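This is coords.cif. It holds mmCIF, C-alpha atoms.
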```
data_input
#
loop_
_atom_site.label_atom_id
_atom_site.label_comp_id
_atom_site.auth_asym_id
_atom_site.auth_seq_id
_atom_site.Cartn_x
_atom_site.Cartn_y
_atom_site.Cartn_z
CA MET A 1 -8.85 6.87 -16.56
CA GLU A 2 -7.28 3.67 -15.29
CA ASN A 3 -3.66 4.73 -15.23
CA VAL A 4 -2.29 8.03 -14.06
CA ILE A 5 1.04 7.30 -15.75
CA ARG A 6 1.84 4.95 -18.61
CA THR A 7 5.39 4.66 -19.85
CA ASN A 8 6.10 3.15 -23.24
CA GLY A 9 9.66 1.94 -23.23
CA ILE A 10 11.26 4.95 -21.63
CA ILE A 11 15.05 4.84 -21.57
CA LYS A 12 17.56 7.07 -19.83
CA LYS A 13 21.21 6.49 -20.55
CA TYR A 14 24.00 7.61 -18.25
CA LYS A 15 27.63 6.63 -18.38
CA GLY A 16 27.67 3.21 -16.74
CA PHE A 17 23.94 3.07 -16.06
CA THR A 18 20.90 2.63 -18.24
CA LEU A 19 17.32 2.91 -17.08
CA GLY A 20 14.85 0.76 -18.94
CA PRO A 21 13.32 0.34 -21.35
CA VAL A 22 10.57 0.75 -18.76
CA ASN A 23 6.99 -0.21 -19.58
CA LEU A 24 4.92 0.71 -16.58
CA GLU A 25 1.31 1.47 -15.79
CA ILE A 26 0.63 3.23 -12.51
CA PRO A 27 -2.97 2.94 -11.32
CA CYS A 28 -4.99 6.11 -10.88
CA GLY A 29 -6.50 6.77 -7.45
CA PHE A 30 -3.90 4.86 -5.49
CA SER A 31 -0.55 5.20 -3.78
CA THR A 32 2.34 3.49 -5.57
CA ALA A 33 5.68 2.73 -3.92
CA LEU A 34 8.90 2.35 -5.91
CA ILE A 35 11.06 -0.15 -4.09
CA GLY A 36 14.63 -1.14 -4.92
CA ALA A 37 18.22 -1.28 -3.75
CA ASN A 38 20.44 1.80 -3.89
CA GLY A 39 21.29 2.50 -7.48
CA ALA A 40 18.36 0.51 -8.86
CA GLY A 41 17.09 3.51 -10.82
CA LYS A 42 14.20 4.77 -8.68
CA THR A 43 15.29 8.40 -8.70
CA THR A 44 16.16 8.25 -12.41
CA LEU A 45 12.70 6.91 -13.16
CA ILE A 46 11.03 9.58 -11.03
CA ASP A 47 13.08 12.39 -12.54
CA THR A 48 12.46 11.12 -16.06
CA ILE A 49 8.70 10.89 -15.45
CA CYS A 50 8.64 14.41 -13.97
CA GLY A 51 10.72 15.88 -16.77
CA VAL A 52 13.48 16.91 -14.39
CA THR A 53 15.92 15.11 -16.68
CA GLY A 54 15.37 14.40 -20.37
CA LYS A 55 14.67 10.94 -21.74
CA SER A 56 16.98 9.08 -24.11
CA GLY A 57 13.97 7.36 -25.64
CA GLY A 58 10.38 6.23 -25.21
CA GLU A 59 7.22 8.02 -24.23
CA CYS A 60 5.40 8.86 -21.03
CA VAL A 61 1.63 9.40 -21.01
CA TYR A 62 0.10 11.38 -18.15
CA PHE A 63 -3.56 11.33 -17.02
CA GLY A 64 -4.56 9.10 -19.90
CA ASP A 65 -3.77 11.37 -22.86
CA LYS A 66 -1.14 14.03 -22.11
CA THR A 67 2.45 13.57 -23.22
CA ASP A 68 4.11 16.99 -22.99
CA ILE A 69 5.60 17.34 -19.51
CA ASP A 70 6.70 20.90 -20.32
CA ASP A 71 3.07 21.97 -20.66
CA ALA A 72 2.27 24.36 -17.77
CA GLY A 73 -1.24 22.97 -17.34
CA LEU A 74 0.10 19.47 -16.86
CA ARG A 75 2.90 20.58 -14.54
CA ASN A 76 0.34 22.41 -12.41
CA LYS A 77 -1.38 19.09 -11.71
CA ILE A 78 1.79 17.35 -10.55
CA GLY A 79 3.51 17.93 -7.20
CA TYR A 80 7.14 16.83 -7.38
CA CYS A 81 9.52 16.65 -4.45
CA SER A 82 13.15 15.61 -4.84
CA SER A 83 15.06 13.82 -2.10
CA MET A 84 17.82 16.38 -2.38
CA CYS A 85 17.81 20.01 -1.25
CA PHE A 86 16.23 21.73 -4.21
CA LEU A 87 15.53 25.13 -2.67
CA PRO A 88 18.15 27.72 -1.72
CA LEU A 89 19.31 26.94 1.81
CA THR A 90 19.11 30.59 2.87
CA TRP A 91 15.33 30.46 2.44
CA ASN A 92 12.84 30.12 5.28
CA VAL A 93 9.16 29.08 5.15
CA LYS A 94 8.16 32.65 4.19
CA ASN A 95 10.46 32.61 1.16
CA ILE A 96 9.19 29.16 0.21
CA ALA A 97 5.57 30.33 0.34
CA GLU A 98 6.34 33.47 -1.68
CA ALA A 99 8.17 31.49 -4.35
CA MET A 100 5.40 28.89 -4.54
CA GLU A 101 2.80 31.64 -4.91
CA ILE A 102 4.69 33.04 -7.88
CA GLY A 103 5.37 29.64 -9.42
CA PHE A 104 1.96 27.99 -9.09
CA ASP A 105 -1.54 29.39 -9.12
CA ASN A 106 -2.89 26.48 -7.09
CA PHE A 107 -0.72 27.11 -4.03
CA ASP A 108 -2.73 27.86 -0.89
CA ARG A 109 -0.85 29.69 1.87
CA ASN A 110 -3.38 28.72 4.54
CA LYS A 111 -2.99 25.09 3.59
CA PHE A 112 0.80 25.53 3.69
CA ASN A 113 0.64 26.91 7.22
CA ALA A 114 -1.70 24.12 8.27
CA PHE A 115 0.83 21.54 7.01
CA CYS A 116 3.66 23.42 8.74
CA ASN A 117 1.68 23.16 11.97
CA ARG A 118 1.11 19.45 11.51
CA PHE A 119 4.82 18.94 10.86
CA ASN A 120 5.76 21.10 13.88
CA LEU A 121 7.43 23.72 11.72
CA GLU A 122 7.22 27.48 12.11
CA THR A 123 4.54 29.08 9.95
CA THR A 124 4.78 32.13 7.70
CA ASP A 125 3.25 34.18 10.54
CA VAL A 126 6.46 33.91 12.55
CA LYS A 127 8.51 37.09 12.29
CA LYS A 128 11.88 35.57 11.54
CA PRO A 129 11.52 31.88 10.78
CA LYS A 130 14.52 29.57 10.72
CA ARG A 131 16.41 29.31 7.46
CA LEU A 132 16.69 25.91 5.78
CA TYR A 133 20.43 25.56 6.45
CA LYS A 134 19.75 25.75 10.17
CA MET A 135 17.22 22.95 9.99
CA SER A 136 17.79 19.21 10.43
CA ASP A 137 17.39 17.05 7.31
CA GLY A 138 14.04 15.92 8.62
CA ASN A 139 12.75 19.46 9.02
CA LYS A 140 14.05 20.41 5.57
CA MET A 141 12.06 17.53 4.10
CA ARG A 142 8.99 18.58 6.13
CA SER A 143 9.27 22.08 4.65
CA TYR A 144 9.51 20.74 1.09
CA LEU A 145 6.59 18.39 1.67
CA ALA A 146 4.44 21.19 3.14
CA ALA A 147 5.19 23.29 0.04
CA VAL A 148 4.18 20.52 -2.37
CA LEU A 149 1.14 19.41 -0.38
CA ALA A 150 -0.21 22.97 -0.16
CA ARG A 151 -0.87 22.89 -3.90
CA ASP A 152 -4.11 21.52 -5.30
CA THR A 153 -2.63 18.73 -7.41
CA GLU A 154 -3.80 15.43 -8.86
CA LEU A 155 -0.53 13.55 -8.67
CA LEU A 156 2.24 13.63 -6.09
CA VAL A 157 5.66 12.29 -7.08
CA LEU A 158 7.89 12.14 -4.03
CA ASP A 159 11.44 10.83 -3.96
CA GLU A 160 12.29 9.25 -0.60
CA PRO A 161 9.90 11.42 1.42
CA ALA A 162 10.11 9.20 4.51
CA SER A 163 13.81 8.48 4.84
CA SER A 164 14.84 11.56 6.82
CA LEU A 165 11.64 11.72 8.89
CA ASP A 166 11.32 10.42 12.45
CA PRO A 167 8.76 7.69 13.24
CA LEU A 168 6.11 10.19 14.32
CA ALA A 169 6.46 12.30 11.19
CA ARG A 170 6.32 9.13 9.06
CA ASP A 171 3.02 8.27 10.69
CA VAL A 172 1.77 11.79 9.89
CA LEU A 173 2.97 11.33 6.31
CA CYS A 174 0.98 8.08 5.99
CA ASP A 175 -2.12 9.90 7.31
CA ILE A 176 -1.54 12.69 4.81
CA PHE A 177 -1.22 10.19 1.93
CA ARG A 178 -4.55 8.57 2.82
CA GLU A 179 -6.21 11.95 3.27
CA TYR A 180 -4.93 13.16 -0.09
CA LEU A 181 -6.30 10.07 -1.83
CA ALA A 182 -9.62 10.21 0.06
CA GLU A 183 -10.14 13.87 -0.87
CA GLY A 184 -9.48 12.97 -4.51
CA ASP A 185 -12.01 10.11 -4.37
CA GLY A 186 -10.23 8.18 -7.10
CA ASN A 187 -8.85 11.12 -9.07
CA ARG A 188 -5.67 11.68 -7.09
CA SER A 189 -2.62 9.43 -7.11
CA ILE A 190 0.73 9.23 -5.36
CA ILE A 191 4.04 7.81 -6.54
CA PHE A 192 6.86 7.66 -4.02
CA SER A 193 10.14 5.85 -3.61
CA THR A 194 11.11 4.41 -0.26
CA HIS A 195 13.46 2.21 1.70
CA ASN A 196 11.22 2.48 4.77
CA ILE A 197 8.84 -0.18 3.58
CA ALA A 198 7.59 -1.34 6.96
CA ASP A 199 6.68 2.21 8.01
CA MET A 200 4.93 2.95 4.73
CA GLU A 201 3.15 -0.38 4.21
CA TYR A 202 -0.28 0.85 5.28
CA ALA A 203 -0.02 3.81 2.92
CA THR A 204 0.97 1.67 -0.07
CA ASP A 205 -1.55 0.23 -2.52
CA TYR A 206 0.62 -0.70 -5.48
CA ALA A 207 4.27 -1.71 -5.40
CA VAL A 208 6.85 -1.50 -8.18
CA PHE A 209 10.14 -3.30 -7.59
CA MET A 210 13.25 -2.19 -9.45
CA ALA A 211 16.72 -3.64 -9.93
CA ASN A 212 19.52 -2.63 -12.26
CA GLY A 213 17.43 -0.04 -14.08
CA ASN A 214 14.50 -2.37 -14.76
CA ILE A 215 11.14 -3.26 -13.26
CA ILE A 216 11.37 -6.76 -11.84
CA GLU A 217 7.94 -7.12 -10.23
CA GLN A 218 4.83 -5.02 -9.72
CA GLY A 219 1.29 -5.37 -8.50
CA PHE A 220 -1.33 -4.39 -5.95
CA VAL A 221 0.06 -5.21 -2.52
CA GLU A 222 -2.91 -7.44 -1.62
CA ASP A 223 -2.38 -9.47 -4.82
CA LEU A 224 1.37 -9.78 -4.25
CA LYS A 225 0.71 -11.05 -0.73
CA GLU A 226 -1.33 -13.86 -2.25
CA LYS A 227 1.16 -14.56 -5.01
CA TYR A 228 4.05 -15.16 -2.61
CA ILE A 229 4.48 -17.05 0.66
CA LEU A 230 7.08 -16.66 3.36
CA VAL A 231 8.77 -19.93 4.33
CA HIS A 232 10.75 -20.67 7.48
CA GLY A 233 12.24 -23.99 8.41
CA GLU A 234 14.98 -25.88 10.12
CA ALA A 235 18.34 -25.89 8.37
CA ASP A 236 18.26 -29.61 7.46
CA LYS A 237 15.14 -29.00 5.34
CA CYS A 238 16.79 -26.20 3.41
CA GLU A 239 18.25 -28.30 0.58
CA LYS A 240 14.91 -29.98 -0.11
CA ALA A 241 13.03 -26.69 0.03
CA LYS A 242 15.48 -24.76 -2.10
CA PRO A 243 14.15 -25.80 -5.54
CA PHE A 244 10.83 -24.17 -4.61
CA LEU A 245 12.28 -21.00 -3.10
CA LEU A 246 12.87 -17.87 -5.14
CA SER A 247 15.43 -16.65 -2.67
CA CYS A 248 16.54 -17.71 0.75
CA THR A 249 19.03 -17.14 3.52
CA ALA A 250 20.19 -19.82 5.90
CA ASN A 251 22.34 -20.21 8.98
CA SER A 252 23.29 -23.33 10.92
CA MET A 253 19.88 -23.51 12.59
CA ASN A 254 17.22 -22.12 10.27
CA PHE A 255 16.45 -20.91 6.79
CA GLU A 256 14.01 -18.32 5.52
CA GLY A 257 12.87 -17.44 2.04
CA ILE A 258 9.99 -16.60 -0.22
CA ALA A 259 8.29 -18.86 -2.74
CA LEU A 260 5.38 -18.68 -5.13
CA ALA A 261 2.13 -19.58 -3.38
CA GLU A 262 1.54 -22.35 -5.95
CA ASN A 263 4.29 -24.33 -4.20
CA LEU A 264 2.44 -24.20 -0.87
CA ALA A 265 1.48 -27.88 -0.80
CA LYS A 266 4.99 -29.12 -1.60
CA LEU A 267 6.58 -26.90 1.03
CA THR A 268 4.00 -27.86 3.65
CA GLN A 269 5.00 -31.50 3.17
CA LEU A 270 8.54 -30.56 4.13
CA ASP A 271 7.30 -29.52 7.56
CA THR A 272 8.10 -25.85 7.15
CA ALA A 273 6.36 -22.85 8.71
CA ILE A 274 4.48 -20.91 6.06
CA GLU A 275 3.14 -17.40 6.48
CA LYS A 276 1.68 -14.59 4.49
CA PRO A 277 4.55 -12.13 4.00
CA ASN A 278 4.24 -8.48 4.89
CA LEU A 279 5.45 -5.93 2.37
CA GLN A 280 8.86 -5.64 4.02
CA GLN A 281 9.48 -9.42 3.94
CA LEU A 282 8.19 -9.57 0.37
CA SER A 283 10.53 -6.79 -0.69
CA VAL A 284 13.56 -8.41 0.88
CA GLY A 285 12.74 -11.70 -0.86
CA ILE A 286 12.17 -10.12 -4.26
CA LEU A 287 15.21 -7.84 -4.10
CA ARG A 288 17.40 -10.68 -2.85
CA LYS A 289 16.36 -12.75 -5.83
CA ALA A 290 17.22 -9.86 -8.13
CA GLU A 291 20.63 -9.50 -6.51
CA LYS A 292 21.28 -13.23 -6.90
CA ASP A 293 20.16 -13.21 -10.54
CA GLY A 294 22.29 -10.15 -11.26
CA LYS A 295 25.50 -11.80 -10.16
CA MET B 1 -14.35 -1.58 13.68
CA LYS B 2 -11.74 -3.73 15.38
CA ILE B 3 -8.62 -4.41 13.33
CA TYR B 4 -5.63 -6.50 14.39
CA GLN B 5 -2.68 -5.39 12.31
CA ASN B 6 -0.41 -8.23 13.41
CA SER B 7 -2.88 -11.05 13.12
CA ASN B 8 -2.61 -14.13 10.92
CA GLU B 9 -5.99 -13.24 9.50
CA PRO B 10 -5.50 -10.78 6.64
CA ILE B 11 -6.86 -7.31 7.42
CA TYR B 12 -9.24 -7.37 4.46
CA LYS B 13 -10.81 -10.57 5.83
CA GLN B 14 -11.23 -8.96 9.25
CA ILE B 15 -13.03 -6.00 7.68
CA ALA B 16 -15.17 -8.23 5.47
CA SER B 17 -16.23 -10.49 8.32
CA GLN B 18 -17.20 -7.58 10.58
CA LEU B 19 -19.24 -5.93 7.84
CA ARG B 20 -20.76 -9.29 6.92
CA GLU B 21 -21.88 -9.77 10.50
CA GLN B 22 -23.43 -6.29 10.58
CA ILE B 23 -25.30 -6.93 7.35
CA LEU B 24 -26.53 -10.41 8.30
CA THR B 25 -27.72 -9.26 11.71
CA GLY B 26 -29.49 -6.32 10.13
CA LYS B 27 -27.35 -3.66 11.81
CA LEU B 28 -26.56 -2.39 8.33
CA LYS B 29 -29.81 -2.20 6.39
CA ALA B 30 -30.48 -2.75 2.71
CA GLY B 31 -29.77 0.35 0.66
CA GLU B 32 -27.46 1.88 3.25
CA PRO B 33 -24.30 3.38 1.75
CA LEU B 34 -20.91 2.14 2.92
CA PRO B 35 -18.04 4.60 3.38
CA SER B 36 -15.91 4.98 0.24
CA ILE B 37 -12.88 2.69 0.12
CA ARG B 38 -10.52 5.63 0.60
CA ILE B 39 -12.46 7.19 3.50
CA LEU B 40 -12.62 3.81 5.27
CA ALA B 41 -8.88 3.33 4.65
CA GLN B 42 -8.17 6.77 6.07
CA ASN B 43 -10.20 6.07 9.21
CA LEU B 44 -8.74 2.60 9.78
CA LYS B 45 -5.21 3.81 8.94
CA ILE B 46 -4.69 1.15 6.27
CA SER B 47 -4.28 1.10 2.48
CA ALA B 48 -7.23 1.70 0.17
CA ILE B 49 -6.41 -1.49 -1.71
CA THR B 50 -7.16 -3.44 1.49
CA THR B 51 -10.60 -1.91 2.01
CA MET B 52 -11.29 -2.38 -1.69
CA LYS B 53 -10.49 -6.08 -1.41
CA ALA B 54 -12.82 -6.38 1.57
CA TYR B 55 -15.66 -4.74 -0.38
CA GLU B 56 -14.95 -6.90 -3.43
CA GLU B 57 -15.25 -10.02 -1.32
CA LEU B 58 -18.61 -8.90 0.10
CA ALA B 59 -19.79 -7.93 -3.39
CA ALA B 60 -18.88 -11.40 -4.68
CA GLU B 61 -21.07 -12.86 -1.93
CA GLY B 62 -23.93 -10.62 -3.02
CA LEU B 63 -24.04 -8.77 0.30
CA ILE B 64 -23.18 -5.38 -1.17
CA SER B 65 -23.13 -3.95 -4.67
CA SER B 66 -21.47 -0.98 -6.30
CA THR B 67 -23.12 1.73 -8.30
CA LYS B 68 -20.72 3.36 -10.69
CA GLY B 69 -19.49 6.67 -9.36
CA LYS B 70 -21.57 6.41 -6.20
CA GLY B 71 -19.77 3.73 -4.22
CA TYR B 72 -21.00 0.64 -2.41
CA PHE B 73 -24.44 -0.03 -0.91
CA VAL B 74 -25.86 -2.85 1.18
CA SER B 75 -27.87 -5.17 -1.05
CA PRO B 76 -31.37 -6.30 -0.10
CA GLN B 77 -30.96 -9.66 1.58
CA ASP B 78 -33.41 -12.33 0.56
CA GLU B 79 -34.59 -14.78 3.17
CA LYS B 80 -33.15 -17.79 1.38
CA MET B 81 -29.70 -16.31 1.23
CA LEU B 82 -29.73 -15.34 4.88
CA ILE B 83 -30.63 -18.89 5.82
CA GLU B 84 -27.87 -20.19 3.55
CA GLN B 85 -25.33 -17.89 5.15
CA HIS B 86 -26.29 -19.01 8.65
CA MET B 87 -26.28 -22.66 7.59
CA ARG B 88 -22.75 -22.19 6.30
CA LYS B 89 -21.70 -20.67 9.58
CA LEU B 90 -23.24 -23.58 11.50
CA ASP B 91 -21.53 -26.03 9.16
CA ASP B 92 -18.13 -24.35 9.66
CA GLY B 93 -18.48 -24.22 13.43
CA LEU B 94 -19.61 -27.82 13.79
CA THR B 95 -16.88 -29.09 11.46
CA GLU B 96 -14.34 -27.44 13.73
CA ALA B 97 -16.05 -28.93 16.77
CA ILE B 98 -15.97 -32.42 15.26
CA LYS B 99 -12.25 -32.09 14.61
CA ALA B 100 -11.66 -31.19 18.24
CA ALA B 101 -13.89 -34.04 19.42
CA ARG B 102 -11.90 -36.55 17.33
CA VAL B 103 -8.67 -35.29 18.86
CA LEU B 104 -10.20 -35.85 22.29
CA GLY B 105 -11.35 -39.34 21.23
CA PHE B 106 -15.06 -38.52 21.81
CA ASP B 107 -17.64 -40.57 19.95
CA LEU B 108 -20.87 -39.13 18.55
CA THR B 109 -22.91 -39.79 21.72
CA GLN B 110 -20.31 -38.14 23.94
CA THR B 111 -20.07 -35.19 21.58
CA CYS B 112 -23.86 -34.78 21.48
CA GLU B 113 -23.95 -34.94 25.27
CA PHE B 114 -21.35 -32.17 25.34
CA LEU B 115 -23.39 -30.13 22.89
CA ARG B 116 -26.56 -30.66 24.91
CA ASN B 117 -24.90 -29.43 28.11
CA LEU B 118 -23.54 -26.41 26.28
CA TRP B 119 -26.93 -25.72 24.68
CA TYR B 120 -28.74 -25.51 28.01
CA MET B 121 -25.93 -23.59 29.62
CA GLU B 122 -26.47 -20.83 27.05
CA ASP B 123 -30.04 -20.39 28.34
#
```

In structure tokens, how does this file's structure come out?
Amino acid sequence: MENVIRTNGIIKKYKGFTLGPVNLEIPCGFSTALIGANGAGKTTLIDTICGVTGKSGGECVYFGDKTDIDDAGLRNKIGYCSSMCFLPLTWNVKNIAEAMEIGFDNFDRNKFNAFCNRFNLETTDVKKPKRLYKMSDGNKMRSYLAAVLARDTELLVLDEPASSLDPLARDVLCDIFREYLAEGDGNRSIIFSTHNIADMEYATDYAVFMANGNIIEQGFVEDLKEKYILVHGEADKCEKAKPFLLSCTANSMNFEGIALAENLAKLTQLDTAIEKPNLQQLSVGILRKAEKDGK
Amino acid sequence: MKIYQNSNEPIYKQIASQLREQILTGKLKAGEPLPSIRILAQNLKISAITTMKAYEELAAEGLISSTKGKGYFVSPQDEKMLIEQHMRKLDDGLTEAIKAARVLGFDLTQTCEFLRNLWYMED
């Protein structure tokens, strides 16, 4: 199985916003990041894939051959976590564990407690654990993540798992992503949306960029880093460099932008500084281009 | 393994060159299994796609090969290839040295003299 998810022209129509048609293939065995501005459609895409909201059209194929997201066997293999509070706020970790045990037969309470420990949360052994409404946003997210991770799944779909976490917890999350994939040895995949690209770069294998409800770029991060170059230069070179830049920002002293690597020689002649972009710089360049094109 | 995350040299190249060195010096022997791409990624705290790219580069050079479903193994190194690899390294190093010598304005005799001094200093 090469792709864990394949979407064939899925569409979701809302008043004033349309997602798609999205044709997307997400590689199996890797971690895929959905990157895009607010309102680009990341959550809509995630919710449509996970069957949380219905589709207006198109088809989504899971694990190579399954198409019915309402099938219990398929749902059992997918761990979904919304970015919003999706559990009753009066619950504590004990209630979460009890509910997960009823809902899923692959939930492991010991694993749940182990994740709670790693996230510095109370475990189900505590007599009266804190209720969710008394927790910070970060600790709420840690509780949700522990619940999803404690299931033996083959695909994690996480909406903004990093945004409310502190830097330490984000580092733990990256470790957990890599562990999850290593344990699966090619049969487990992760899809997550994020704005915290720099923090998640070393836990990202494949990147999907979205703007205005559509996919605008995608690829393995190592390939994208070879496809694009980051260009810096002095302001007086900006006009000459511009035809080769996909997007750029300039002030009175300097300019910065990204370009296709095939323009390397021409840009070098202009006496500019050229670097390999990191994922954060790449994302800014690609999203800035999308914003420019959209106007 | 030593990885610089903020270096100009891509991480996959750093991994590839360290493994290459270990294979060419015989530290990693023919037939030895390499850690899976995801285990190596987990231990180095980097993405699996990066370790995969490093392995792919070494595989393209014939230093390692993959067996489907079993991962990557060190390939038997034939004498000729080892010599070729070391010749390439010598070529690269000397080309760099010549560039530096030209900047300094050294001629061939001066450069050879420099090399000779360096050679005996090593002993």

Margin query: Evaluate the PyMOL selection byres ((chain A) within 7 of (chain B)) against this structure - the residues, as an MDAnalysis selection string, please.
Written below: chainID A and resid 175 178:179 181:182 185 202:205 222

Notebook entry, point to check: Mind telling me what the PyMOL selection byres ((chain A and resi 54) around 12) catches here, as a ChimeraX atom specification?
Noted result: /A:10-14,44-53,55-60,68-70

Next item on the list: Considering all atoms listed in the file, return as a list in words whatever protein or nucleic-acid residues lie within 8 Å of A:Ala33, sequence-local ones (same chain, fewer than 5 positions apart) excluded.
Entry: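 Within the cut-off, the hits are Ile191, Phe192, Ser193, Thr194, Thr204, Asp205, Tyr206, Ala207 and Val208 of chain A.
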
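Take the candidates A:Asn187, A:Cys116, A:Glu217, A:Arg131 and check each one against A:Val172 using all atoms listed in the file; the shortest distance goes to A:Cys116.
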
Checklist line | Counting all atoms listed in the file, the residue of A:Ala290, A:Met141, A:Leu121, A:Leu246 that sits nearest A:Cys85 | finding: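 Nearest candidate to A:Cys85 out of A:Ala290, A:Met141, A:Leu121, A:Leu246: A:Met141.
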
Next item on the list: Taking the file as shown, find all residues satisfying the PyMOL selection byres ((chain A and resi 152) around 7) and write them as a PyMOL selection string.
Entry: chain A and resi 106-107+150-151+153

Checklist line | Atomic separation - atom CA of A:Pro88 relative to atom CA of A:Leu132, Å | finding: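 Between atom CA of A:Leu132 and atom CA of A:Pro88 the gap works out to 7.9 Å.
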
Margin query: For a test of reading the model, state the distance in Å between atom CA of B:Ala97 and atom CA of B:Leu115, rounded to one decimal.
Written below: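 Separating atom CA of B:Ala97 from atom CA of B:Leu115 is a distance of 9.6 Å.
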
Notebook entry, point to check: Contacts of B:Tyr72 at 10 Å or less, counting all atoms listed in the file, minus same-chain residues fewer than 5 places along, as number ranges by chain?
Noted result: B: 31-37, 55-56, 59, 64-67

Notebook entry, point to check: Quick one: residues within 12 Å of A:Cys81, all atoms listed in the file counted, chain neighbours fewer than 2 positions away excluded, as a ChimeraX atom specification?
Noted result: /A:43,46-47,50,52,78-79,83-87,140-149,155-162,190-193

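With atom CA of A:Ala37 on one side and atom CA of A:Ala235 on the other, the separation reads 27.4 Å.
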
Notebook entry, point to check: Neighbours of A:Lys289 within 12 Å (only C-alpha atoms; same-chain residues fewer than 2 positions away dropped), as a ChimeraX atom specification?
Noted result: /A:36-37,209-211,216-217,245-249,257-259,282-287,291-295
